[in-house]
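K.L.:
Here it is: the structure, laid out below.
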Amino acid sequence: MTTTIGRNSQSPQTRANAEAPTKSARLKQMLLAPELAFIMEAHNGLSAKIVEEAGFSGIWASGLAMSAALGVRDNNEASWTQVLEQLEFMADATGIPILVDGDTGYGNFNNVRRLVAKLCQRGIAGVCIEDKLFPKTNSFIGEGQPLADIDEFCGRIKAGKDTQTDPDFCLVARVEALISGWSMEEALRRAEAYHEAGADAILIHSKKSDADEIVEFANKWGGKAPVVIVPTMYYRTPTDAFREAAISLIIWANHNMRASISAMRETSQRIMADQSLVGIEDNVVSVKDVFSLVGQNELAAAERRYFTAPDAGTKAIVLAASQGSKLGPLTAERPKCMVDVRGQPLLKRLVSTLNGSGVNDVSVICGYKPDTVDLPRIEKIDNPEFENTGEAASLACAADKLEGPCLLSYGDILFRPYILDALLSTDGDIVCAVDARWQGAGHRDPDRAIDAVQCTERFTGSYLEEDTVAITGFDNSPSDTRIDGEFIGLIKLSGPGATLVRNELDVMREDGTLATADLPMLLQRLVDKGVAVSALYVTGHWLDVDDALDLARMRNMV
Ligand code: SPV
Ligand code: MG
């Protein structure tokens with residue numbers, strides 16, 4: 001029978017399918033099968049992965065190794081919940097069963113109940129508890145460590161077995177009699193009692209350098225329950241001797257922890273001595289290997305399946321290459337976009353307005369004295385030909401930015417934020433902000449040159465703010481041409497709109513018109529080709545800067 005453990009803690013790479021035996025069932029099978037089985041020490045998620053990678057069918061979560069890895073002694077200095085945390089990482093990282101070194105069970109029967117309940121919840125296959133007293137001492141330290149009373153220890157075993165929520169969870173009872181200097185008879189008496197109390201297997205521990213007492217125990221035990229051994233001290237004994245003695249499971253108990261100490265020492269000492277990494281690079285695994293061990297590929301695949309990057313949002317391209325010579329000495333050392341407008345460069349104010357509406361990816365096309373355009377959070381793109389080219393050529397320098405929703409702005413304008421917000425909420429692919437009160441309502445010079453726009457409908461004052469009308473022309477020249485508004489130098493492009501503009505720039509480069517064209521000429525070409533270019537009417541609340549008077553007006557506006 002298989003069991004669903006409280007929480008599926010296996011990683012996606014290693015999750016067993018529903019029909020596959022659970023980890024606990026596999027550990028139980030290792031204990032019960034006639035063949036000798038092996039489990040290998042691990043002390044954290046990484047070492048657990050390495051054990052699995054090496055081909056072992058189970059993991060020994062060693063108390064000594066987990067303690068040492070945490071830099072503490074094997075004396076229950078790491079609390080049982082701290083151990084549990086390591087175990088959770090190990091179980092998540094692997095698909096093979098983990099037998100946990102549960103020391104003494106961290107106290108009496110009640111502590112064992114809590115421990116077993118939590119281990120079952122976390123998908124741990126089994127626990128080994130030893131018949132000593134809390135706080136424990138490692139078996140290889142000192143002589144004659146006190147043993148638990150047999151009945152009291154049997155109570156711990158029964159409590160664990162009664163508590164397990166996973167029917168195949170294995171409880172291994174560890175007999176410390178031989179370690180503590182007691183007789184073989186005492187060891188056998190204890191093993192018998194623990195088996196009677198419900199233990200799934202007996203771990204008989206020895207610190208002798210030969211396996212004689214282990215083999216004697218196994219022979220006298222006669223296979224009443226599976227026998228588990230830890231040949232750390234009698235490591236010279238050939239493994240076949242354990243097969244002959246009908247041992248069920250060998251625990252290689254601490255060798256990954258010890259190997260890692262050797263490797264880390266060697267590496268640290270070498271780097272310390274050499275003050276260089278050259279001498280060790282070939283002796284350590286590559287960073288790529290680390291990525292592969294922790295399953296980076298699986299994350300990349302999952303990202304492709306599940307993750308859609310949040311919309312990067314609208315970006316802006318600001319055309320700010322010109323010097324602005326009409327401003328005289330104010331632009332001798334800086335371009336027009338960097339003139340001071342009440343304590344801040346004009347461009348800084350423009351970028352703040354863009355940022356305020358969520359447009360944070362701002363590219364600025366620079367030409368005149370580009371080094372002076374020293375603002376944070378902008379990407380500068382040079383138009384080295386700025387002296388001999390116009391706005392279209394500047395925009396073409398940022399052609400690769402014309403992808404996805406995009407704003408185009410002159411670099412010498414300021415406008416109230418609501419104009420930008422209204423423009424951003426329009427639906428069209430190419431929408432220009434057009435001032436219906438272009439004659440200035442008294443505050444602007446009616447004789448100045450403007451970027452005139454003709455639309456299908458005049459502004460009546462009754463439009464809702466976000467309504468747009470089609471633009472039929474950008475015609476500045478004849479004085480008798482109808483003018484419906486003034487293009488203020490701010491355009492919203494949708495993704496398809498940006499592509500249309502980028503393609504038209506390519507055509508202009510081909511036909512030789514790119515160098516001298518301004519933005520209205522570019523837009524006119526699109527209108528002539530039947531592309532829908534629309535206007536969002538605004539009524540003032542923006543200014544551009546050509547001369548000192550404009551600048552004075554702008555300083556008043558902000
Ligand atoms: C451990 O690995 O923590 C063990 C085995 O308990 S031993 O250190 O050999 O006692
Ligand atoms: Mg231990």
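Scheme for the structure tokens: letters A, B, ... for chains in order shown; per-chain residue numbers from 1; ligand numbers from 1 in order shown.
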With the cut-off set at 6 Å and counting only C-alpha atoms and all ligand atoms, tabulate each residue of chain A with an atom at most that distance from an atom of ligand 2, showing the nearest atom pair and its distance in Å to one decimal, ordered by chain and increasing number, as JSON lines.

P.N.:
{"residue": "A:Ser62", "atom": "CA", "partner": "ligand 2", "partner_atom_place_in_ligand_line": "1 (Mg)", "distance": 5.6}
{"residue": "A:Gly63", "atom": "CA", "partner": "ligand 2", "partner_atom_place_in_ligand_line": "1 (Mg)", "distance": 4.1}
{"residue": "A:Leu64", "atom": "CA", "partner": "ligand 2", "partner_atom_place_in_ligand_line": "1 (Mg)", "distance": 5.0}
{"residue": "A:Asp101", "atom": "CA", "partner": "ligand 2", "partner_atom_place_in_ligand_line": "1 (Mg)", "distance": 5.6}
{"residue": "A:Asp103", "atom": "CA", "partner": "ligand 2", "partner_atom_place_in_ligand_line": "1 (Mg)", "distance": 5.6}

K.L.:
Limited to all heavy atoms, could you put the picked residues into a file as a PDB file, in the first residue's frame?

P.N.:
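This went into selection01.pdb:
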ATOM      1  N   SER A  62      22.942  11.999   8.826  1.00  0.00           N
ATOM      2  CA  SER A  62      23.756  11.757  10.017  1.00  0.00           C
ATOM      3  C   SER A  62      23.683  12.914  11.014  1.00  0.00           C
ATOM      4  O   SER A  62      23.857  14.082  10.649  1.00  0.00           O
ATOM      5  CB  SER A  62      25.216  11.567   9.569  1.00  0.00           C
ATOM      6  OG  SER A  62      26.108  11.883  10.609  1.00  0.00           O
ATOM      7  N   GLY A  63      23.476  12.571  12.263  1.00  0.00           N
ATOM      8  CA  GLY A  63      23.465  13.597  13.309  1.00  0.00           C
ATOM      9  C   GLY A  63      24.821  14.260  13.455  1.00  0.00           C
ATOM     10  O   GLY A  63      24.916  15.485  13.573  1.00  0.00           O
ATOM     11  N   LEU A  64      25.882  13.430  13.418  1.00  0.00           N
ATOM     12  CA  LEU A  64      27.228  13.976  13.530  1.00  0.00           C
ATOM     13  C   LEU A  64      27.508  14.929  12.370  1.00  0.00           C
ATOM     14  O   LEU A  64      28.007  16.046  12.560  1.00  0.00           O
ATOM     15  CB  LEU A  64      28.253  12.824  13.528  1.00  0.00           C
ATOM     16  CG  LEU A  64      29.718  13.246  13.416  1.00  0.00           C
ATOM     17  CD1 LEU A  64      30.154  14.054  14.622  1.00  0.00           C
ATOM     18  CD2 LEU A  64      30.623  12.023  13.239  1.00  0.00           C
ATOM     19  N   ASP A 101      19.011  10.075  11.379  1.00  0.00           N
ATOM     20  CA  ASP A 101      19.609   9.789  12.674  1.00  0.00           C
ATOM     21  C   ASP A 101      18.869  10.662  13.699  1.00  0.00           C
ATOM     22  O   ASP A 101      19.131  11.848  13.827  1.00  0.00           O
ATOM     23  CB  ASP A 101      21.098  10.154  12.600  1.00  0.00           C
ATOM     24  CG  ASP A 101      21.811   9.972  13.921  1.00  0.00           C
ATOM     25  OD1 ASP A 101      21.164   9.571  14.893  1.00  0.00           O
ATOM     26  OD2 ASP A 101      23.024  10.240  13.953  1.00  0.00           O
ATOM     27  N   ASP A 103      19.003  10.494  16.888  1.00  0.00           N
ATOM     28  CA  ASP A 103      19.670  10.477  18.198  1.00  0.00           C
ATOM     29  C   ASP A 103      18.817   9.664  19.192  1.00  0.00           C
ATOM     30  O   ASP A 103      18.437   8.559  18.888  1.00  0.00           O
ATOM     31  CB  ASP A 103      19.936  11.905  18.686  1.00  0.00           C
ATOM     32  CG  ASP A 103      21.000  12.602  17.822  1.00  0.00           C
ATOM     33  OD1 ASP A 103      21.723  11.891  17.098  1.00  0.00           O
ATOM     34  OD2 ASP A 103      21.095  13.834  17.866  1.00  0.00           O
TER      35      ASP A 103
END

K.L.:
Quick one: everything within 6 Å of segment 357-370 of chain A, counting only C-alpha atoms, minus sequence neighbours fewer than 6 positions away in the same chain. Send it as a list in words.

P.N.:
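Once the nearby chain positions are removed, what remains is Thr314, Lys315, Ala316, Ile317, Val318, Leu319, Ala320, Ala321, Ser322, Gln323, Arg334, Pro335, Ile378, Glu379, Lys380, Ile381, Asp382, Asn383 and Phe386 of chain A.
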
K.L.:
Using only C-alpha atoms, what does the table of segment 522-548 of chain A residues within 9 Å of segment 500-517 of chain A look like, with each row giving the shortest atom pair and its distance in Å to one decimal, sorted by chain and ascending number, as a tab-separated table?

P.N.:
residue	atom	partner	partner_atom	distance
A:Leu522	CA	A:Ala517	CA	6.7
A:Leu523	CA	A:Val501	CA	8.3
A:Arg525	CA	A:Glu504	CA	8.1
A:Leu526	CA	A:Glu504	CA	7.5
A:Val531	CA	A:Leu500	CA	8.5

K.L.:
Using only C-alpha atoms, find the one residue out of A:Lys158, A:Pro376, A:Leu519, A:Lys220 that sits nearest to Ala199 of chain A.

P.N.:
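Counting only C-alpha atoms, the residue closest to Ala199 of chain A is A:Lys158.
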
K.L.:
Can you measure atom CA of Ile202 of chain A to atom CA of Glu52 of chain A for me? One decimal in Å is fine.

P.N.:
24.5 Å

K.L.:
So, with only C-alpha atoms as the atoms that count, which of A:Ala61, A:Leu293, A:Cys455, A:Ala393 lies closest to Met521 of chain A?

P.N.:
A:Ala393
